[in-house]
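Colleague: Submitted below is the structure of interest, expressed as structure tokens.
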Amino acid sequence: MTVTVFEHPLSPYAQKVKIALDEKGVDYNAKMPAAIGTGQIDAEFLKANPRGEVPALIDGDVAIFDSTIILEYIEDKWPTPALLPKDPAARARARTIEEVMDTAFEPINWGMGEIRWFKRVEGAKAQALEARAAAQARGLYDWLARALGTHTWFGGDIFGWADVSVVPYLNGATGLGIGPHAHSPLGQWLARANERASVQKAANAAAASIAGMGMVADAVKDRLFKREYRDHRLEWMIRSGGLDVVIEGLKTETIRFSNELS
Ligand SMILES: N[C@@H](CCC(=O)N[C@@H](CS)C(=O)NCC(=O)O)C(=O)O
């Protein structure tokens with residue numbers, strides 16, 4: 001039976017899931033929820049994920065949300081080729097890298113998107129926020145470069161869990177002009193990762209989707225988009241100097257928080 005992945009091509013969380021499935025040769029249907037990002041209702045999607053976030057995975061009568069839990073499910077159900085190493089310490093290192101990317105790196109790219117695509121702020125204020133984003137990314141590149149060391153992949157010789165979890169974010173950052181230096185060890189790792197068919201497929205879908213982002217600023221102004229300012233993203237916007245953006249978004253009802261589950 002073919003698996004369904006509710007996704008958006010620009011979601012790094014969804015990209016992790018698609019790359020993992022492709023690495024394991026698992027067939028899947030990628031499906032974009034209707035009206036994603038608008039805060040409107042898509043009943044089938046909300047049944048799979050009451051949080052209303054991509055990715056969500058449906059495998060027969062099993063529905064799972066949250067990219068980390070989906071990756072765990074994929075690894076359990078299709079163990080070969082393994083993405084997690086066997087050694088407990090190495091497994092913990094891989095999971096730590098995923099956690100840092102999902103919580104500390106993701107809001108940097110997301111914040112850049114709020115400025116570049118959704119035009120929440122412009123001019124000097126936008127430049128200041130972007131400068132903060134670039135500096136934060138550089139800090140994380142140092143951290144990642146130490147984790148990579150002189151290895152081919154984060155886990156050593158085999159492309160695995162940590163690589164899957166880093167590549168969507170670094171490709172996103174590169175597209176936004178704040179990627180790692182191409183000649184640095186991390187930049188070279190990124191080039192190697194992008195040679196893989198699984199990564200290329202996700203990256204090409206993301207690039208095609210970015211082409212349509214020109215109109216989204218108007219959609220925010222028209223209140224068609226209600227962006228989710230959840231946990232790390234909200235923190236990022238406030239800590240980086242964008243408290244006004246949050247207040248304005250609340251006033252204009254163009255931001256939302258996480259769905260309350262019931
Ligand atoms: N912790 C979740 C986060 C998922 C998430 O935030 N997805 C975003 C897209 S990158 C989303 O679907 N947001 C809903 C919205 O924008 O309305 C995971 O790892 O799957």
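Chain labels follow the order of the structure tokens: the first chain is A, the next B, and so on; residue numbering restarts at 1 in every chain, and ligands are counted from 1 in their shown order.
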Do you know which residues are within 6 Å of ligand 1 using only C-alpha atoms and all ligand atoms? Can you write them as a ChimeraX atom specification?

Modeller: /A:11-13,36-37,39,52-55,66-68,227-228

Colleague: Convert the current residue selection to file output with C-alpha atoms, as a CSV table (one decimal), in the first residue's frame.

Modeller:
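This is the output file out_34.csv:
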```csv
chain,number,residue,atom,x,y,z
A,11,SER,CA,8.6,22.7,4.6
A,12,PRO,CA,12.0,21.4,5.8
A,13,TYR,CA,10.1,19.1,8.1
A,36,ILE,CA,-2.1,25.3,3.9
A,37,GLY,CA,-0.9,28.4,5.7
A,39,GLY,CA,-5.5,28.9,8.9
A,52,GLY,CA,-2.7,21.5,11.1
A,53,GLU,CA,1.0,21.3,10.3
A,54,VAL,CA,2.9,19.4,7.6
A,55,PRO,CA,4.2,16.8,7.5
A,66,ASP,CA,5.5,15.5,13.7
A,67,SER,CA,8.4,14.9,11.5
A,68,THR,CA,10.6,13.4,14.2
A,227,ARG,CA,0.9,32.3,9.5
A,228,GLU,CA,1.6,30.1,12.4
```

Colleague: Show which residues sit within 6 Å of segment 2-9 of chain A, as number ranges by chain. Count only C-alpha atoms, and ignore same-chain residues fewer than 3 positions away.

Modeller: A: 14, 27-32, 54-59, 205-206

Colleague: Write out the residues from the selection above, keeping C-alpha atoms, as a PDB file, in the first residue's frame.

Modeller:
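Contents of out-v1.pdb, freshly written:
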```pdb
ATOM      1  CA  ALA A  14       8.257  17.556   5.212  1.00  0.00           C
ATOM      2  CA  ASP A  27       6.684   4.692  -2.549  1.00  0.00           C
ATOM      3  CA  TYR A  28       4.573   7.607  -1.382  1.00  0.00           C
ATOM      4  CA  ASN A  29       1.995  10.092  -2.607  1.00  0.00           C
ATOM      5  CA  ALA A  30       2.914  13.647  -1.706  1.00  0.00           C
ATOM      6  CA  LYS A  31      -0.236  15.640  -1.067  1.00  0.00           C
ATOM      7  CA  MET A  32      -0.495  19.334  -0.241  1.00  0.00           C
ATOM      8  CA  VAL A  54       2.863  19.396   7.593  1.00  0.00           C
ATOM      9  CA  PRO A  55       4.166  16.765   7.490  1.00  0.00           C
ATOM     10  CA  ALA A  56       1.598  14.136   8.395  1.00  0.00           C
ATOM     11  CA  LEU A  57       1.944  10.553   7.244  1.00  0.00           C
ATOM     12  CA  ILE A  58      -0.824   8.092   6.503  1.00  0.00           C
ATOM     13  CA  ASP A  59       0.067   4.425   6.203  1.00  0.00           C
ATOM     14  CA  ALA A 205      10.281  20.588  -5.658  1.00  0.00           C
ATOM     15  CA  ALA A 206      11.212  23.374  -3.212  1.00  0.00           C
TER      16      ALA A 206
END
```

Colleague: Please, which residues of segment 205-235 of chain A, numbered as in this document, come out alpha helix (DSSP H) from DSSP, as a PyMOL selection string?

Modeller: chain A and resi 205-210+216-221+231-235

Colleague: Just checking: using only C-alpha atoms, which residue out of A:Gly242, A:Gly155, A:Gly139, A:Pro33 ends up closest to Ile178 of chain A?

Modeller: A:Gly139

Colleague: Taking only C-alpha atoms into account, name the residue in A:Gly156, A:Pro168, A:Gly177, A:Pro85 that is nearest to Asn194 of chain A.

Modeller: A:Pro168
